[in-house]
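Shown below: coords28.txt, with compact mmCIF, C-alpha atoms.
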# COMPACT_ATOMS: atom_id res chain seq x y z
CA MET A 1 142.60 108.37 134.42
CA GLY A 2 139.78 110.93 134.14
CA TRP A 3 139.42 113.85 136.51
CA LYS A 4 136.45 113.97 138.83
CA CYS A 5 135.45 117.07 140.69
CA LEU A 6 134.20 116.68 144.22
CA ILE A 7 132.15 119.84 143.93
CA LYS A 8 131.62 122.52 141.34
CA SER A 9 130.36 125.90 142.29
CA THR A 10 127.53 127.25 140.24
CA SER A 11 128.28 129.76 137.52
CA TYR A 12 126.81 132.76 139.34
CA LEU A 13 129.66 132.60 141.83
CA GLY A 14 132.30 132.19 139.14
CA TRP A 15 134.53 130.01 141.31
CA LYS A 16 135.31 126.31 141.09
CA VAL A 17 136.90 123.84 143.45
CA CYS A 18 138.06 120.79 141.55
CA ILE A 19 140.11 118.08 143.20
CA VAL A 20 140.87 114.62 141.88
CA SER A 21 138.49 112.36 143.79
CA ASP A 22 141.27 109.87 144.60
CA GLU A 23 143.13 112.66 146.35
CA ILE A 24 140.23 113.64 148.63
CA SER A 25 141.11 111.08 151.28
CA LYS A 26 144.65 112.52 151.41
CA LEU A 27 143.37 115.95 152.39
CA PRO A 28 143.35 116.91 156.06
CA PRO A 29 140.00 116.25 157.78
CA ASN A 30 139.34 119.98 158.30
CA VAL A 31 139.70 120.60 154.53
CA GLN A 32 137.36 117.70 153.77
CA GLU A 33 134.85 119.22 156.21
CA ARG A 34 135.17 122.64 154.55
CA LEU A 35 134.54 121.08 151.13
CA LEU A 36 131.43 119.38 152.45
CA ARG A 37 130.25 122.57 154.17
CA LEU A 38 130.74 124.57 150.97
CA GLN A 39 128.73 122.03 149.01
CA GLN A 40 125.93 122.15 151.61
CA LEU A 41 125.87 125.95 151.52
CA GLN A 42 125.66 125.92 147.73
CA GLN A 43 122.76 123.46 147.83
CA THR A 44 120.99 125.61 150.41
CA LEU A 45 121.50 128.66 148.22
CA GLN A 46 120.08 126.86 145.19
CA SER A 47 117.05 125.83 147.23
CA ILE A 48 116.47 129.39 148.45
CA LEU A 49 116.78 130.73 144.90
CA ALA A 50 114.22 128.19 143.64
CA GLN A 51 111.79 129.08 146.45
CA LYS A 52 112.32 132.77 145.81
CA GLN A 53 111.56 132.29 142.12
CA GLN A 54 108.32 130.45 142.98
CA VAL A 55 107.26 133.26 145.32
CA GLU A 56 108.01 135.86 142.65
CA MET A 57 105.97 133.94 140.08
CA GLU A 58 103.03 133.65 142.46
CA LYS A 59 103.32 137.34 143.32
CA THR A 60 103.19 138.22 139.61
CA GLU A 61 100.12 136.02 139.19
CA VAL A 62 98.38 137.69 142.14
CA ASP A 63 99.24 141.14 140.76
CA GLN A 64 97.80 140.23 137.38
CA THR A 65 94.65 138.84 139.00
CA ILE A 66 94.17 142.00 141.08
CA SER A 67 94.66 144.10 137.94
CA GLU A 68 92.11 142.11 135.95
CA LEU A 69 89.63 142.15 138.83
CA ALA A 70 89.93 145.95 139.04
CA LYS A 71 88.80 146.19 135.40
CA THR A 72 85.50 144.42 136.14
CA GLN A 73 82.29 145.96 137.40
CA ASP A 74 81.39 145.58 141.08
CA ASP A 75 78.32 143.44 140.37
CA VAL A 76 80.14 140.93 138.16
CA VAL A 77 80.01 137.25 139.17
CA VAL A 78 83.48 136.15 140.31
CA TYR A 79 84.72 132.63 140.97
CA LYS A 80 87.85 131.59 142.78
CA ALA A 81 89.66 128.28 142.51
CA ILE A 82 89.79 126.15 145.63
CA GLY A 83 91.68 123.02 144.73
CA SER A 84 89.95 121.62 141.65
CA LEU A 85 86.69 123.48 142.39
CA LEU A 86 85.51 126.91 141.31
CA VAL A 87 83.56 128.63 144.06
CA LYS A 88 81.40 131.72 143.59
CA GLY A 89 82.52 134.67 145.69
CA GLU A 90 82.07 138.37 146.20
CA LYS A 91 84.45 140.60 144.28
CA ALA A 92 85.30 142.74 147.33
CA LYS A 93 86.04 139.69 149.50
CA ILE A 94 88.19 138.05 146.80
CA ASN A 95 90.02 141.34 146.25
CA GLU A 96 90.74 141.53 149.98
CA GLU A 97 92.03 137.93 150.03
CA LEU A 98 94.29 138.68 147.06
CA ALA A 99 95.67 141.81 148.76
CA GLU A 100 96.44 139.76 151.89
CA ARG A 101 98.12 137.07 149.79
CA LYS A 102 100.20 139.69 147.98
CA SER A 103 101.32 141.17 151.30
CA LEU A 104 102.30 137.73 152.59
CA LEU A 105 104.24 136.98 149.41
CA GLU A 106 106.08 140.31 149.63
CA THR A 107 107.08 139.50 153.20
CA ARG A 108 108.28 136.03 152.19
CA SER A 109 110.23 137.54 149.31
CA THR A 110 111.96 139.99 151.66
CA VAL A 111 112.85 137.22 154.11
CA MET A 112 114.21 135.03 151.32
CA ALA A 113 116.29 137.91 149.96
CA ARG A 114 117.88 138.28 153.40
CA GLN A 115 118.49 134.52 153.59
CA GLU A 116 120.03 134.58 150.12
CA GLU A 117 122.34 137.44 151.09
CA ARG A 118 123.41 135.67 154.29
CA ILE A 119 124.06 132.34 152.54
CA ARG A 120 125.97 134.04 149.69
CA SER A 121 128.19 135.67 152.30
CA GLN A 122 128.75 132.31 153.99
CA VAL A 123 129.58 130.69 150.64
CA LYS A 124 132.10 133.41 149.84
CA GLU A 125 133.70 133.04 153.28
CA ALA A 126 133.84 129.24 152.95
CA GLN A 127 135.42 129.56 149.50
CA THR A 128 138.05 131.95 150.81
CA LYS A 129 138.93 129.67 153.74
CA LEU A 130 139.00 126.64 151.48
CA GLN A 131 141.24 128.43 149.01
CA GLU A 132 143.60 129.28 151.86
CA ASP A 133 143.53 125.65 153.03
CA LEU A 134 144.16 124.29 149.53
CA SER A 135 146.87 126.71 148.43
CA PRO A 136 149.60 124.93 150.42
CA VAL A 137 148.31 121.53 149.27
CA SER A 138 148.46 122.33 145.56
CA GLY A 139 151.44 124.64 145.83
CA GLN A 140 149.58 127.42 144.03
CA PRO A 141 146.46 129.49 144.63
CA LEU A 142 143.21 128.41 142.98
CA SER A 143 141.80 130.64 140.28
Target format structure tokens, applied to this file:
Amino acid sequence: MGWKCLIKSTSYLGWKVCIVSDEISKLPPNVQERLLRLQQLQQTLQSILAQKQQVEMEKTEVDQTISELAKTQDDVVVYKAIGSLLVKGEKAKINEELAERKSLLETRSTVMARQEERIRSQVKEAQTKLQEDLSPVSGQPLS
């Protein structure tokens, strides 16, 4: 019979919970709930990390755009993309919009970093509690 893991933590946490799936139903309900909660927290963390990466990429793009715009003369014709259209705009106005966007992205990045920190803490706590719950079941601590 092959082994199936209920959940596997991601490599950045360096911790795995692996239980034979047939044995899951034999675990106490509170342990089953902790396993589910840990899995949910890990999924939330992965989602936050993906969103954070998207924000960082957009922030880099905005920074590069601001930098390139600064190299141009004030009277240059500038277009901005709105959906699939390119619309003519004033350099100063577009520069202002980019600065506002950059500020918003920096704020979002800060908020996401706090969320990430909070969820990582919750994951660590859930892992510790789960390890305590599972140690008596397996007869040995998980490593």
Each residue of stretch 14-76 of chain A lying at most 12 Å from stretch 85-97 of chain A should get a row with its shortest atom-to-atom pair and the distance in Å to one decimal, counting only C-alpha atoms; could you produce that, ordered by chain and increasing number, as CSV?
residue,atom,partner,partner_atom,distance
A:Val62,CA,A:Asn95,CA,10.0
A:Asp63,CA,A:Asn95,CA,10.7
A:Gln64,CA,A:Asn95,CA,11.9
A:Thr65,CA,A:Asn95,CA,9.0
A:Ile66,CA,A:Asn95,CA,6.7
A:Ser67,CA,A:Asn95,CA,9.9
A:Glu68,CA,A:Asn95,CA,10.5
A:Leu69,CA,A:Asn95,CA,7.5
A:Ala70,CA,A:Asn95,CA,8.6
A:Lys71,CA,A:Lys91,CA,11.4
A:Thr72,CA,A:Lys91,CA,9.1
A:Gln73,CA,A:Lys91,CA,9.0
A:Asp74,CA,A:Lys91,CA,6.7
A:Asp75,CA,A:Lys91,CA,7.8
A:Val76,CA,A:Lys91,CA,7.5
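Shortest separation to A:Ala99 among A:Lys59, A:Arg37, A:Lys26, A:Lys124 occurs at residue A:Lys59, atoms counted being all atoms listed in the file.
Note that atom CA of A:Leu104 and atom CA of A:Gln122 are 27.0 Å apart.
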Where is the centre and how long are the edges: axis-aligned box on stretch 45-56 of chain A, 3 Å on each side, Å to one decimal, as AutoDock Vina command-line options:
--center_x 114.4 --center_y 130.8 --center_z 145.3 --size_x 20.2 --size_y 16.0 --size_z 12.3
Practice task
Pick out the residues sitting within 12 Å of A:Arg114, and hand them over as a list in words; count all atoms listed in the file, and ignore anything fewer than 4 positions along from it in its own chain.
Solution key: Leu45, Ile48, Leu49, Lys52, Thr107, Arg108, Ser109, Thr110, Arg118, Ile119, Arg120 and Ser121 of chain A
Those same residues - C-alpha atoms - I'd like them written as an mmCIF file, in the frame of the given file.
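Dumped everything to selection-v1.cif:
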data_model
loop_
_atom_site.group_PDB
_atom_site.id
_atom_site.type_symbol
_atom_site.label_atom_id
_atom_site.label_comp_id
_atom_site.auth_asym_id
_atom_site.auth_seq_id
_atom_site.Cartn_x
_atom_site.Cartn_y
_atom_site.Cartn_z
ATOM 1 C CA LEU A 45 121.500 128.660 148.220
ATOM 2 C CA ILE A 48 116.470 129.390 148.450
ATOM 3 C CA LEU A 49 116.780 130.730 144.900
ATOM 4 C CA LYS A 52 112.320 132.770 145.810
ATOM 5 C CA THR A 107 107.080 139.500 153.200
ATOM 6 C CA ARG A 108 108.280 136.030 152.190
ATOM 7 C CA SER A 109 110.230 137.540 149.310
ATOM 8 C CA THR A 110 111.960 139.990 151.660
ATOM 9 C CA ARG A 118 123.410 135.670 154.290
ATOM 10 C CA ILE A 119 124.060 132.340 152.540
ATOM 11 C CA ARG A 120 125.970 134.040 149.690
ATOM 12 C CA SER A 121 128.190 135.670 152.300
#
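If only C-alpha atoms are the atoms counted, then among A:Gln46, A:Gly83, A:Leu36, A:Ser103 the closest residue to A:Glu58 is A:Ser103.
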Practice task
Using all atoms listed in the file, find the one residue out of A:Glu106, A:Ser25, A:Glu61, A:Val31 that sits nearest to A:Gln131.
Solution key: A:Val31
Exercise for the section: Take atom CA of A:Thr60 and atom CA of A:Arg101 and report the distance between them in Å, one decimal. Expected result: 11.4 Å
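Take atom CA of A:Gln39 and atom CA of A:Leu130: the distance between them is 11.5 Å.
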Exercise for the section: Take the point (136.3, 125.9, 149.1) as written in the file and pick out every residue within 7 Å of it, counting only C-alpha atoms; give the list as number ranges by chain. Expected result: A: 17, 34-35, 38, 126-131
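Minimum distance to A:Leu98 across A:Leu27, A:Glu132, A:Lys80, A:Gln40 (counting all atoms listed in the file) occurs at A:Lys80.
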Would you mind writing stretch 80-94 of chain A with N, CA and C atoms, as a PDB file, in the frame of the given file?
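This went into rebuild-v8.pdb:
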ATOM      1  N   LYS A  80      86.446 131.818 142.408  1.00  0.00           N
ATOM      2  CA  LYS A  80      87.850 131.590 142.780  1.00  0.00           C
ATOM      3  C   LYS A  80      88.085 130.082 142.837  1.00  0.00           C
ATOM      4  N   ALA A  81      89.298 129.698 142.514  1.00  0.00           N
ATOM      5  CA  ALA A  81      89.660 128.280 142.510  1.00  0.00           C
ATOM      6  C   ALA A  81      90.050 127.855 143.924  1.00  0.00           C
ATOM      7  N   ILE A  82      89.422 126.782 144.361  1.00  0.00           N
ATOM      8  CA  ILE A  82      89.790 126.150 145.630  1.00  0.00           C
ATOM      9  C   ILE A  82      90.055 124.693 145.299  1.00  0.00           C
ATOM     10  N   GLY A  83      91.325 124.359 145.193  1.00  0.00           N
ATOM     11  CA  GLY A  83      91.680 123.020 144.730  1.00  0.00           C
ATOM     12  C   GLY A  83      91.238 122.872 143.285  1.00  0.00           C
ATOM     13  N   SER A  84      90.442 121.839 143.015  1.00  0.00           N
ATOM     14  CA  SER A  84      89.950 121.620 141.650  1.00  0.00           C
ATOM     15  C   SER A  84      88.537 122.180 141.458  1.00  0.00           C
ATOM     16  N   LEU A  85      88.031 122.900 142.457  1.00  0.00           N
ATOM     17  CA  LEU A  85      86.690 123.480 142.390  1.00  0.00           C
ATOM     18  C   LEU A  85      86.740 124.976 142.109  1.00  0.00           C
ATOM     19  N   LEU A  86      85.708 125.475 141.452  1.00  0.00           N
ATOM     20  CA  LEU A  86      85.510 126.910 141.310  1.00  0.00           C
ATOM     21  C   LEU A  86      84.345 127.278 142.214  1.00  0.00           C
ATOM     22  N   VAL A  87      84.566 128.228 143.094  1.00  0.00           N
ATOM     23  CA  VAL A  87      83.560 128.630 144.060  1.00  0.00           C
ATOM     24  C   VAL A  87      83.201 130.092 143.822  1.00  0.00           C
ATOM     25  N   LYS A  88      81.889 130.363 143.805  1.00  0.00           N
ATOM     26  CA  LYS A  88      81.400 131.720 143.590  1.00  0.00           C
ATOM     27  C   LYS A  88      81.737 132.563 144.819  1.00  0.00           C
ATOM     28  N   GLY A  89      82.167 133.794 144.584  1.00  0.00           N
ATOM     29  CA  GLY A  89      82.520 134.670 145.690  1.00  0.00           C
ATOM     30  C   GLY A  89      82.211 136.117 145.372  1.00  0.00           C
ATOM     31  N   GLU A  90      82.291 136.944 146.387  1.00  0.00           N
ATOM     32  CA  GLU A  90      82.070 138.370 146.200  1.00  0.00           C
ATOM     33  C   GLU A  90      83.387 139.020 145.771  1.00  0.00           C
ATOM     34  N   LYS A  91      83.271 139.944 144.821  1.00  0.00           N
ATOM     35  CA  LYS A  91      84.450 140.600 144.280  1.00  0.00           C
ATOM     36  C   LYS A  91      85.262 141.281 145.380  1.00  0.00           C
ATOM     37  N   ALA A  92      84.592 142.015 146.269  1.00  0.00           N
ATOM     38  CA  ALA A  92      85.300 142.740 147.330  1.00  0.00           C
ATOM     39  C   ALA A  92      86.051 141.772 148.253  1.00  0.00           C
ATOM     40  N   LYS A  93      85.421 140.679 148.593  1.00  0.00           N
ATOM     41  CA  LYS A  93      86.040 139.690 149.500  1.00  0.00           C
ATOM     42  C   LYS A  93      87.241 139.037 148.815  1.00  0.00           C
ATOM     43  N   ILE A  94      87.084 138.678 147.548  1.00  0.00           N
ATOM     44  CA  ILE A  94      88.190 138.050 146.800  1.00  0.00           C
ATOM     45  C   ILE A  94      89.334 139.045 146.637  1.00  0.00           C
TER      46      ILE A  94
END
